[in-house]
Every structure is written in structure tokens, then in C-alpha cells.
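Student: Contents of coords35.txt (compact mmCIF, C-alpha atoms) are below:
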```txt
# COMPACT_ATOMS: atom_id res chain seq x y z
CA MET A 1 -6.10 29.22 -1.82
CA ARG A 2 -4.54 25.80 -1.42
CA GLN A 3 -6.67 22.74 -1.94
CA PRO A 4 -6.23 20.12 0.80
CA GLU A 5 -4.80 16.74 -0.09
CA GLN A 6 -7.35 13.97 0.15
CA TRP A 7 -5.89 11.72 2.86
CA GLN A 8 -6.51 13.71 6.04
CA LEU A 9 -6.62 12.01 9.44
CA SER A 10 -7.95 13.15 12.80
CA GLY A 11 -7.86 12.06 16.42
CA ASN A 12 -5.51 9.14 17.07
CA ALA A 13 -5.74 7.89 13.48
CA ALA A 14 -2.09 8.74 12.74
CA GLU A 15 -0.94 6.57 15.66
CA LEU A 16 -3.05 3.69 14.36
CA TYR A 17 -1.66 4.36 10.87
CA GLU A 18 1.86 3.79 12.19
CA ARG A 19 0.74 0.68 14.07
CA TYR A 20 -1.29 -1.01 11.32
CA VAL A 21 -0.91 0.63 7.90
CA VAL A 22 2.88 1.03 7.96
CA PRO A 23 3.88 -2.54 8.95
CA TYR A 24 1.35 -4.36 6.76
CA PHE A 25 0.68 -2.13 3.74
CA LEU A 26 3.43 0.46 3.19
CA GLY A 27 6.49 -0.54 5.17
CA PRO A 28 7.17 -3.72 3.17
CA TRP A 29 7.52 -1.65 -0.01
CA ALA A 30 9.88 0.99 1.42
CA PRO A 31 13.15 -0.98 1.07
CA GLY A 32 12.48 -1.57 -2.64
CA LEU A 33 11.84 2.13 -3.22
CA LEU A 34 15.12 2.98 -1.49
CA GLU A 35 16.94 0.32 -3.49
CA MET A 36 15.85 1.99 -6.72
CA ALA A 37 16.91 5.38 -5.35
CA ALA A 38 20.45 4.04 -4.76
CA LEU A 39 21.15 6.66 -2.11
CA ARG A 40 24.75 7.59 -1.41
CA PRO A 41 26.35 8.86 1.81
CA GLY A 42 26.08 12.61 2.16
CA GLU A 43 23.11 13.09 -0.18
CA ARG A 44 20.24 15.45 0.58
CA VAL A 45 16.93 13.57 0.42
CA PHE A 46 13.40 14.93 0.35
CA ASP A 47 10.50 12.58 1.22
CA VAL A 48 7.23 14.05 -0.08
CA ALA A 49 3.99 12.92 1.61
CA CYS A 50 6.18 11.27 4.24
CA GLY A 51 3.35 10.23 6.57
CA THR A 52 4.80 8.92 9.81
CA GLY A 53 8.23 8.67 8.18
CA VAL A 54 8.94 5.06 7.24
CA VAL A 55 10.78 6.03 4.03
CA ALA A 56 12.54 9.04 5.58
CA ARG A 57 13.94 6.96 8.44
CA LEU A 58 15.38 4.36 6.06
CA ALA A 59 16.86 7.14 3.93
CA ALA A 60 18.50 8.72 6.99
CA GLN A 61 20.37 5.51 7.68
CA GLN A 62 21.58 5.22 4.09
CA VAL A 63 22.86 8.79 3.62
CA GLY A 64 24.55 8.76 7.02
CA THR A 65 25.51 11.60 9.33
CA ALA A 66 26.91 13.64 6.43
CA GLY A 67 23.55 13.55 4.67
CA LYS A 68 20.32 15.44 5.15
CA VAL A 69 16.73 14.16 5.10
CA THR A 70 13.58 16.28 5.02
CA GLY A 71 10.09 14.81 5.31
CA LEU A 72 7.07 16.82 4.15
CA ASP A 73 3.43 16.10 4.87
CA LEU A 74 0.26 18.17 5.07
CA ASN A 75 -1.12 16.20 8.01
CA ALA A 76 0.01 17.52 11.38
CA GLY A 77 -0.99 14.29 13.13
CA MET A 78 1.27 12.22 10.88
CA LEU A 79 4.22 14.52 11.59
CA ALA A 80 3.55 14.45 15.33
CA VAL A 81 3.90 10.67 15.28
CA ALA A 82 7.02 10.91 13.09
CA ARG A 83 8.67 13.31 15.53
CA ALA A 84 7.77 11.12 18.51
CA LEU A 85 9.44 8.00 17.12
CA LEU A 86 12.99 7.17 18.13
CA PRO A 87 15.33 8.80 15.58
CA PRO A 88 17.29 6.31 13.47
CA PRO A 89 21.09 6.33 13.25
CA GLY A 90 22.34 8.48 10.42
CA ALA A 91 21.17 11.84 9.13
CA THR A 92 19.04 14.17 11.19
CA ILE A 93 15.49 14.34 9.80
CA THR A 94 13.68 17.67 9.48
CA TRP A 95 9.87 17.36 9.43
CA VAL A 96 7.94 20.02 7.49
CA GLU A 97 4.18 20.58 7.48
CA ASP A 98 3.31 21.86 4.01
CA SER A 99 1.42 21.10 0.82
CA ALA A 100 3.09 19.08 -1.92
CA VAL A 101 1.54 21.30 -4.59
CA ALA A 102 2.95 24.60 -3.24
CA MET A 103 6.06 23.99 -1.17
CA ASP A 104 7.54 26.82 0.85
CA LEU A 105 11.07 25.65 0.01
CA ALA A 106 13.95 27.12 -1.96
CA ASP A 107 14.91 25.90 -5.43
CA ALA A 108 17.57 23.26 -6.09
CA GLN A 109 18.31 22.07 -2.55
CA PHE A 110 17.91 18.29 -2.76
CA ASP A 111 19.75 15.53 -4.61
CA VAL A 112 16.88 13.04 -4.43
CA VAL A 113 13.10 13.31 -4.08
CA LEU A 114 11.18 10.27 -2.85
CA CYS A 115 7.41 9.84 -2.78
CA GLN A 116 5.82 6.54 -1.76
CA GLN A 117 2.09 6.32 -2.52
CA GLY A 118 1.47 10.05 -2.25
CA LEU A 119 0.97 11.30 -5.80
CA GLN A 120 -2.58 9.95 -6.14
CA PHE A 121 -3.76 12.10 -3.25
CA PHE A 122 -2.44 15.42 -4.54
CA PRO A 123 -5.24 17.68 -5.86
CA ASP A 124 -2.95 18.96 -8.64
CA LYS A 125 -0.54 16.22 -9.71
CA PRO A 126 1.24 18.27 -12.42
CA ALA A 127 1.87 21.07 -9.91
CA ALA A 128 3.24 18.62 -7.33
CA LEU A 129 5.62 17.09 -9.89
CA ARG A 130 6.77 20.54 -11.00
CA GLU A 131 7.49 21.35 -7.35
CA MET A 132 9.53 18.16 -7.00
CA HIS A 133 11.49 19.14 -10.09
CA ARG A 134 12.00 22.68 -8.78
CA VAL A 135 13.54 21.65 -5.46
CA LEU A 136 15.96 19.17 -7.10
CA VAL A 137 19.47 20.16 -8.13
CA PRO A 138 20.40 19.81 -11.82
CA GLY A 139 21.00 16.12 -12.40
CA GLY A 140 18.94 15.23 -9.33
CA ARG A 141 16.57 12.29 -9.36
CA VAL A 142 13.05 11.43 -8.31
CA VAL A 143 11.77 7.99 -7.29
CA LEU A 144 8.05 7.66 -6.69
CA SER A 145 5.52 4.86 -6.48
CA VAL A 146 1.81 4.44 -7.08
CA TRP A 147 -0.21 1.26 -6.69
CA GLU A 148 -1.03 -1.04 -9.57
CA LYS A 149 -4.79 -0.73 -9.12
CA THR A 150 -5.84 -4.05 -10.68
CA VAL A 151 -4.04 -6.22 -8.07
CA ASP A 152 -5.51 -5.82 -4.60
CA PRO A 153 -7.97 -8.46 -3.36
CA TYR A 154 -7.82 -7.13 0.20
CA GLY A 155 -8.64 -3.58 -0.90
CA LEU A 156 -11.51 -4.78 -3.08
CA ALA A 157 -13.02 -6.79 -0.23
CA LEU A 158 -12.62 -3.83 2.12
CA TRP A 159 -14.21 -1.32 -0.28
CA GLU A 160 -17.19 -3.58 -0.97
CA ALA A 161 -17.78 -4.18 2.74
CA VAL A 162 -17.52 -0.47 3.54
CA GLU A 163 -19.92 0.40 0.72
CA ARG A 164 -22.38 -2.18 2.04
CA HIS A 165 -22.28 -1.16 5.68
CA VAL A 166 -21.19 2.51 5.67
CA GLY A 167 -22.05 3.89 2.24
CA MET A 168 -20.78 4.78 -1.20
CA GLU A 169 -19.08 8.03 -0.14
CA ALA A 170 -16.91 6.28 2.45
CA ALA A 171 -16.02 3.52 0.00
CA MET A 172 -14.95 6.08 -2.61
CA ARG A 173 -12.74 7.85 -0.08
CA LEU A 174 -10.93 4.58 0.52
CA ARG A 175 -10.68 3.86 -3.20
CA ALA A 176 -8.79 7.14 -3.66
CA SER A 177 -5.58 5.32 -2.79
CA ARG A 178 -5.93 3.23 -5.96
CA MET A 179 -7.16 6.02 -8.24
CA VAL A 180 -3.70 6.23 -9.72
CA PRO A 181 -2.20 7.20 -13.07
CA GLU A 182 -1.57 4.31 -15.44
CA PRO A 183 2.13 3.80 -16.25
CA GLY A 184 1.89 5.66 -19.57
CA GLU A 185 0.08 8.59 -17.96
CA LEU A 186 2.56 8.67 -15.08
CA SER A 187 5.48 8.79 -17.52
CA GLN A 188 3.85 11.63 -19.45
CA LEU A 189 3.18 13.61 -16.27
CA LEU A 190 6.84 13.37 -15.32
CA VAL A 191 8.02 14.46 -18.78
CA GLU A 192 5.62 17.41 -18.77
CA ALA A 193 6.97 18.44 -15.35
CA GLY A 194 10.45 18.69 -16.85
CA PHE A 195 11.91 15.29 -15.97
CA GLN A 196 13.87 13.12 -18.38
CA ASP A 197 15.14 9.52 -18.54
CA VAL A 198 11.78 8.35 -17.18
CA HIS A 199 11.44 4.63 -16.41
CA ILE A 200 8.50 2.79 -14.86
CA ARG A 201 9.06 -0.56 -13.15
CA PHE A 202 6.26 -2.95 -12.17
CA SER A 203 6.90 -4.67 -8.85
CA ARG A 204 4.84 -7.45 -7.26
CA MET A 205 4.73 -8.70 -3.69
CA THR A 206 2.83 -11.30 -1.68
CA LYS A 207 2.09 -10.02 1.79
CA ARG A 208 0.79 -11.76 4.89
CA LEU A 209 -1.90 -10.01 6.89
CA PRO A 210 -2.79 -11.04 10.45
CA ALA A 211 -6.24 -12.04 11.71
CA LEU A 212 -8.69 -9.95 9.71
CA GLU A 213 -11.30 -9.80 12.46
CA THR A 214 -8.95 -7.39 14.26
CA LEU A 215 -6.98 -5.89 11.38
CA VAL A 216 -9.94 -4.65 9.31
CA LEU A 217 -11.42 -2.37 11.97
CA CYS A 218 -8.01 -1.18 13.18
CA HIS A 219 -7.04 -0.40 9.59
CA LEU A 220 -10.25 1.56 8.98
CA ALA A 221 -9.65 3.50 12.22
CA ALA A 222 -6.42 4.73 10.61
CA THR A 223 -8.16 6.18 7.54
CA PRO A 224 -10.29 9.24 6.72
CA VAL A 225 -13.46 7.10 7.12
CA ALA A 226 -12.65 6.31 10.77
CA GLU A 227 -15.46 8.44 12.20
CA ALA A 228 -18.08 6.99 9.85
CA VAL A 229 -17.09 3.44 10.79
CA ALA A 230 -16.99 4.30 14.51
CA ALA A 231 -20.55 5.66 14.25
CA LEU A 232 -21.88 2.22 13.27
CA HIS A 233 -23.48 -0.08 15.81
CA ASP A 234 -21.22 -2.81 17.17
CA GLU A 235 -23.14 -5.41 15.18
CA ALA A 236 -22.63 -3.51 11.93
CA ARG A 237 -18.88 -3.13 12.52
CA ALA A 238 -18.60 -6.82 13.27
CA ALA A 239 -20.55 -7.62 10.10
CA LEU A 240 -18.26 -5.40 8.06
CA ALA A 241 -15.16 -7.22 9.29
CA ARG A 242 -16.87 -10.58 8.80
CA ASP A 243 -17.69 -9.73 5.17
CA VAL A 244 -14.01 -9.00 4.47
CA CYS A 245 -13.03 -12.31 6.09
CA LEU A 246 -15.53 -14.23 3.96
CA ALA A 247 -14.41 -12.53 0.73
CA LEU A 248 -10.78 -13.41 1.43
CA GLN A 249 -11.30 -17.04 2.42
CA PRO A 250 -9.51 -18.22 -0.77
CA TYR A 251 -6.36 -16.49 0.57
CA ALA A 252 -6.57 -17.91 4.11
CA ASP A 253 -3.28 -18.92 5.72
CA GLY A 254 -3.45 -19.96 9.35
CA ASP A 255 -5.12 -17.18 11.33
CA GLY A 256 -4.42 -14.59 8.61
CA VAL A 257 -4.36 -14.29 4.84
CA VAL A 258 -1.70 -14.13 2.15
CA VAL A 259 -2.63 -11.75 -0.67
CA PRO A 260 -0.89 -10.41 -3.77
CA ASP A 261 -0.22 -6.73 -4.34
CA ALA A 262 1.71 -4.69 -6.87
CA THR A 263 3.06 -1.21 -7.44
CA ASN A 264 4.56 0.87 -10.23
CA VAL A 265 7.79 2.70 -9.38
CA ALA A 266 8.90 5.61 -11.53
CA THR A 267 12.45 6.95 -11.71
CA ALA A 268 13.55 10.07 -13.54
CA HIS A 269 16.20 12.83 -13.56
CA THR A 270 16.12 16.59 -13.84
```
Write the structure described by the file as C-alpha cells, please.

Tutor:
Amino acid sequence: MRQPEQWQLSGNAAELYERYVVPYFLGPWAPGLLEMAALRPGERVFDVACGTGVVARLAAQQVGTAGKVTGLDLNAGMLAVARALLPPPGATITWVEDSAVAMDLADAQFDVVLCQQGLQFFPDKPAALREMHRVLVPGGRVVLSVWEKTVDPYGLALWEAVERHVGMEAAMRLRASRMVPEPGELSQLLVEAGFQDVHIRFSRMTKRLPALETLVLCHLAATPVAEAVAALHDEARAALARDVCLALQPYADGDGVVVPDATNVATAHT
């Protein structure tokens, strides 16, 4: 029996994910991931844990009409949003609902595998990496990213506020996004999955977030703790957002905040 991945959304959370998580937290990193992938026209690209498709859509433009892009995610709501978005120019994108740890796909059919911030959610990381290796052609390459967990003042403020107002279990579900392999462990996992020429690159970014009074609750509504937060009284939700604002006062910039963040990007070949 398959184990479910940890980041499951319900209701309209996937739509809110596209509206708030993609532009402020994931989208800014996607061009850098694609730059390291160095995609070429005509290549076949596989985006694992594609979410609402920010990486897949950029890849489609880069490989062009002669290329092929497939996005895989376990969450039907994410894929529904991905399918509803206006297709980009370039390759046609095929969206597949499936588990990253047991893909119902043939061997050796992709030139490149991409995975932005998905590995940490897979219940069996070695199995997921072996699957990525299996579906790549000989000489194919993988480019994947996981957060650098020590650099995230916004996340820390959010987790502490959620723990205070919602509870420890909800806070731990949010922290799952930063429960990532250290660079050395990530490199070893890739080698054990059969990859070679493994390189890990640390990348830092300063990102601007809009008014936190609105962003915090909209962001939480796009996560697996959405129902727990929605169950709070209005006063408690307002207090939660206020606590995040107070914690991030040192990063204030106009009506928003400017905060640092960082990620580790791994590249490897079959």
C-alpha cells in the first residue's frame, strides 16, 4: 500500500497556493532551478511534485514545441489548478496524478528530471530518487532543490505563532517543509540511488513579502493546516497574524517585509 505524501491540500487550498505560495515563496526560485538544468530545445522534461506547475510551465517554454513536459503530483487539487491555467507557449504539458515513490511510468523516457521543494515530503526519499533515476535515459540529469533550513525568519515566526494559537501538531506539519536532508546527506542519497557527478549548490535570496496582516492567513489557508486555522475564533486568527508581524518587525519595509531565504540545489547524472 502506498504511503501518502505529507503535503495534502483540500477545498480551495490549491487555488490559494497558486495565488499566494507560488508568487512569494516558490516562484522566485524557479528560474534559478531551470538555469541550472540548462534545458535544450526538444528535451523531454519530468517535473516531480509539480504542484500547480510553476516549474513545468517555465520548462515548456525552454524546450519548445519539439520538447515534452510531464508534471507529476499526488494532489488532485494541485493538478486541477495546473490544468486550468493558460498553457504557456512551447511544449504541451501532460499532468499526471501519481506518487513520486511508485510511479506508473515506463523506464528511460525523460532527459531531465526536476523537483523543486518536493523531496522532503516524500515518505520514502530513497525510493523516490530511485524512481527518478529509473525514468531517466542513460546520461540524463536530475536537478532538485530543498530548503536550507537555518535561514527562514518568516517561517520561524509563522511556526511559533501557529504553535501558540493552534497547537504543536499544526506547527510540526508546517515545519515539514524545512525538515530537509543536509547537503552531505542529500549527496549520499543521490549516490545510493545510482546517480553520479553529484554537486550541491547553496543559493541565497532576499524576498519581499506584502502586508503580513493579509498574507499570513492567506498563506495558512493554502497549507494542510488550513482547517485548523479556520476553526479558530476571529480574535485568535487576528492574534496569530499579529504575532508574526511583531516577530518580523526588524525586517519591515514599507507595508511589507524583506526577509532572507536560502536553498540547496543538487545536480547529478545517471

Student: Would you list the contacts of segment 106-114 of chain A as a CSV table (one decimal) with C-alpha atoms, keeping the file's coordinate frame, taking every protein, DNA or RNA residue within 6 Å and counting only C-alpha atoms, but skipping same-chain residues closer than 5 positions in sequence?

Tutor:
```csv
chain,number,residue,atom,x,y,z
A,44,ARG,CA,20.2,15.4,0.6
A,45,VAL,CA,16.9,13.6,0.4
A,46,PHE,CA,13.4,14.9,0.4
A,47,ASP,CA,10.5,12.6,1.2
A,134,ARG,CA,12.0,22.7,-8.8
A,135,VAL,CA,13.5,21.6,-5.5
A,136,LEU,CA,16.0,19.2,-7.1
A,137,VAL,CA,19.5,20.2,-8.1
A,140,GLY,CA,18.9,15.2,-9.3
A,141,ARG,CA,16.6,12.3,-9.4
A,142,VAL,CA,13.0,11.4,-8.3
A,143,VAL,CA,11.8,8.0,-7.3
A,144,LEU,CA,8.0,7.7,-6.7
```

Student: Can you pull out the residues contacting Pro28 of chain A? Cut-off 12 Å, using all atoms listed in the file, and skip same-chain residues under 6 positions away; I want them as JSON, numbers by chain.

Tutor: {"A": [21, 22, 34, 54, 55, 58, 116, 204, 205, 206, 207, 208, 209, 261, 262, 263]}

Student: Output C-alpha atoms for every residue in the selection just made, as a PDB file, in the coordinates of the input.

Tutor:
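Once everything was written out, this is out10.pdb:
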```
ATOM      1  CA  VAL A  21      -0.910   0.630   7.900  1.00  0.00           C
ATOM      2  CA  VAL A  22       2.880   1.030   7.960  1.00  0.00           C
ATOM      3  CA  LEU A  34      15.120   2.980  -1.490  1.00  0.00           C
ATOM      4  CA  VAL A  54       8.940   5.060   7.240  1.00  0.00           C
ATOM      5  CA  VAL A  55      10.780   6.030   4.030  1.00  0.00           C
ATOM      6  CA  LEU A  58      15.380   4.360   6.060  1.00  0.00           C
ATOM      7  CA  GLN A 116       5.820   6.540  -1.760  1.00  0.00           C
ATOM      8  CA  ARG A 204       4.840  -7.450  -7.260  1.00  0.00           C
ATOM      9  CA  MET A 205       4.730  -8.700  -3.690  1.00  0.00           C
ATOM     10  CA  THR A 206       2.830 -11.300  -1.680  1.00  0.00           C
ATOM     11  CA  LYS A 207       2.090 -10.020   1.790  1.00  0.00           C
ATOM     12  CA  ARG A 208       0.790 -11.760   4.890  1.00  0.00           C
ATOM     13  CA  LEU A 209      -1.900 -10.010   6.890  1.00  0.00           C
ATOM     14  CA  ASP A 261      -0.220  -6.730  -4.340  1.00  0.00           C
ATOM     15  CA  ALA A 262       1.710  -4.690  -6.870  1.00  0.00           C
ATOM     16  CA  THR A 263       3.060  -1.210  -7.440  1.00  0.00           C
TER      17      THR A 263
END
```

Student: Can you list, as a CSV table (one decimal) with C-alpha atoms, in the frame of the given file, every protein, DNA or RNA residue that comes within 10 Å of segment 154-168 of chain A when you count all atoms listed in the file, leaving out same-chain residues fewer than 4 positions away?

Tutor:
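Contents of result-v5.csv, as written:
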```csv
chain,number,residue,atom,x,y,z
A,149,LYS,CA,-4.8,-0.7,-9.1
A,150,THR,CA,-5.8,-4.0,-10.7
A,172,MET,CA,-15.0,6.1,-2.6
A,173,ARG,CA,-12.7,7.8,-0.1
A,174,LEU,CA,-10.9,4.6,0.5
A,175,ARG,CA,-10.7,3.9,-3.2
A,177,SER,CA,-5.6,5.3,-2.8
A,178,ARG,CA,-5.9,3.2,-6.0
A,209,LEU,CA,-1.9,-10.0,6.9
A,212,LEU,CA,-8.7,-10.0,9.7
A,216,VAL,CA,-9.9,-4.6,9.3
A,219,HIS,CA,-7.0,-0.4,9.6
A,220,LEU,CA,-10.2,1.6,9.0
A,225,VAL,CA,-13.5,7.1,7.1
A,228,ALA,CA,-18.1,7.0,9.8
A,229,VAL,CA,-17.1,3.4,10.8
A,230,ALA,CA,-17.0,4.3,14.5
A,231,ALA,CA,-20.6,5.7,14.2
A,232,LEU,CA,-21.9,2.2,13.3
A,236,ALA,CA,-22.6,-3.5,11.9
A,237,ARG,CA,-18.9,-3.1,12.5
A,239,ALA,CA,-20.6,-7.6,10.1
A,240,LEU,CA,-18.3,-5.4,8.1
A,241,ALA,CA,-15.2,-7.2,9.3
A,242,ARG,CA,-16.9,-10.6,8.8
A,243,ASP,CA,-17.7,-9.7,5.2
A,244,VAL,CA,-14.0,-9.0,4.5
A,245,CYS,CA,-13.0,-12.3,6.1
A,246,LEU,CA,-15.5,-14.2,4.0
A,247,ALA,CA,-14.4,-12.5,0.7
A,248,LEU,CA,-10.8,-13.4,1.4
A,251,TYR,CA,-6.4,-16.5,0.6
A,257,VAL,CA,-4.4,-14.3,4.8
A,258,VAL,CA,-1.7,-14.1,2.2
A,259,VAL,CA,-2.6,-11.8,-0.7
A,260,PRO,CA,-0.9,-10.4,-3.8
A,261,ASP,CA,-0.2,-6.7,-4.3
```

Student: Axis-aligned box over every listed atom of segment 188-193 of chain A, padded by 5 Å per side: centre and edges in Å to one decimal, as AutoDock Vina command-line options?

Tutor:
```
--center_x 5.6 --center_y 15.0 --center_z -17.4 --size_x 14.8 --size_y 16.8 --size_z 14.1
```

Student: Find the residues near Gln196 of chain A: any atom within 7 Å, counting all atoms listed in the file, skip ones fewer than 6 places away on the same chain, and give them as number ranges by chain.

Tutor: A: 268-270

Student: Using only C-alpha atoms, which residue out of A:Met132, A:Tyr17, A:Gly71, A:Val63 lies closest to Leu217 of chain A?

Tutor: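 Ranked by minimum distance to Leu217 of chain A, first place goes to A:Tyr17.
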
Student: Select, from A:Ala80, A:Ala226, A:Leu129, A:Val151, the residue with the minimum atom-to-atom distance to Cys115 of chain A, counting all atoms listed in the file.

Tutor: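 Looking at the shortest contact to Cys115 of chain A, the residue is A:Leu129.
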
Student: Nearest to Asp253 of chain A among A:Glu35, A:Pro224, A:Pro210, A:Asp234, with distances taken over all atoms listed in the file: which residue is it?

Tutor: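 Using all atoms listed in the file, Asp253 of chain A sits closest to A:Pro210.
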
Student: Check the smallest atom-to-atom distance from each of A:Pro31, A:Gly118, A:Gly67, A:Gly51 to Val81 of chain A using all atoms listed in the file, then report the winner.

Tutor: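 Of A:Pro31, A:Gly118, A:Gly67, A:Gly51, the one nearest Val81 of chain A is A:Gly51, counting all atoms listed in the file.
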
Student: Just want the 12 Å neighbourhood of Ala49 of chain A, counted on all atoms listed in the file, with same-chain residues fewer than 5 positions away dropped. Output as a ChimeraX atom specification.

Tutor: /A:5-8,54-56,70-76,78-79,95-101,103,113-122,128,132,144-145

Student: For the atom pair atom CA of Arg40 of chain A and atom CA of Gly64 of chain A, what is the interatomic distance in Å to one decimal place?

Tutor: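 Rounded to one decimal, the two atoms are 8.5 Å apart.
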
Student: Interatomic distance between atom CA of Glu15 of chain A and atom CA of Ser203 of chain A?

Tutor: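 So the answer is 28.1 Å.
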
Student: Take atom CA of Ala14 of chain A and atom CA of Ala221 of chain A and report the distance between them in Å, one decimal.

Tutor: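 One can read the atom CA of Ala14 of chain A to atom CA of Ala221 of chain A distance as 9.2 Å.
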
Student: Of the candidates A:Leu215, A:Gln62, A:Val48, A:Val180, which shows the shortest atom-to-atom distance to Phe25 of chain A, using all atoms listed in the file?

Tutor: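 Checking each of A:Leu215, A:Gln62, A:Val48, A:Val180 against Phe25 of chain A, counting all atoms listed in the file, the winner is A:Leu215.
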
Student: Find, counting all atoms listed in the file, the residue in A:Pro181, A:Pro87, A:Pro123, A:Gly53 that gets nearest to Ala30 of chain A.

Tutor: A:Gly53

Student: Output segment 176-189 of chain A as a compact mmCIF listing (two decimals), in the coordinates of the input, making sure N, CA and C atoms are there.

Tutor:
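Resulting contents of rebuild23.txt:
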```txt
# COMPACT_ATOMS: atom_id res chain seq x y z
N ALA A 176 -9.68 6.08 -3.16
CA ALA A 176 -8.79 7.14 -3.66
C ALA A 176 -7.34 6.69 -3.70
N SER A 177 -6.97 5.77 -2.81
CA SER A 177 -5.58 5.32 -2.79
C SER A 177 -5.20 4.57 -4.06
N ARG A 178 -6.20 4.00 -4.74
CA ARG A 178 -5.93 3.23 -5.96
C ARG A 178 -6.38 3.98 -7.21
N MET A 179 -6.81 5.20 -7.07
CA MET A 179 -7.16 6.02 -8.24
C MET A 179 -5.87 6.66 -8.75
N VAL A 180 -5.07 5.85 -9.39
CA VAL A 180 -3.70 6.23 -9.72
C VAL A 180 -3.52 6.37 -11.23
N PRO A 181 -2.51 7.14 -11.64
CA PRO A 181 -2.20 7.20 -13.07
C PRO A 181 -1.71 5.85 -13.58
N GLU A 182 -2.14 5.48 -14.78
CA GLU A 182 -1.57 4.31 -15.44
C GLU A 182 -0.11 4.60 -15.77
N PRO A 183 0.71 3.57 -15.99
CA PRO A 183 2.13 3.80 -16.25
C PRO A 183 2.41 4.81 -17.37
N GLY A 184 1.67 4.72 -18.48
CA GLY A 184 1.89 5.66 -19.57
C GLY A 184 1.56 7.09 -19.17
N GLU A 185 0.48 7.26 -18.43
CA GLU A 185 0.08 8.59 -17.96
C GLU A 185 1.10 9.13 -16.96
N LEU A 186 1.57 8.25 -16.07
CA LEU A 186 2.56 8.67 -15.08
C LEU A 186 3.84 9.15 -15.76
N SER A 187 4.28 8.40 -16.77
CA SER A 187 5.48 8.79 -17.52
C SER A 187 5.29 10.15 -18.18
N GLN A 188 4.12 10.36 -18.78
CA GLN A 188 3.85 11.63 -19.45
C GLN A 188 3.82 12.79 -18.46
N LEU A 189 3.22 12.57 -17.30
CA LEU A 189 3.18 13.61 -16.27
C LEU A 189 4.59 14.03 -15.86
```
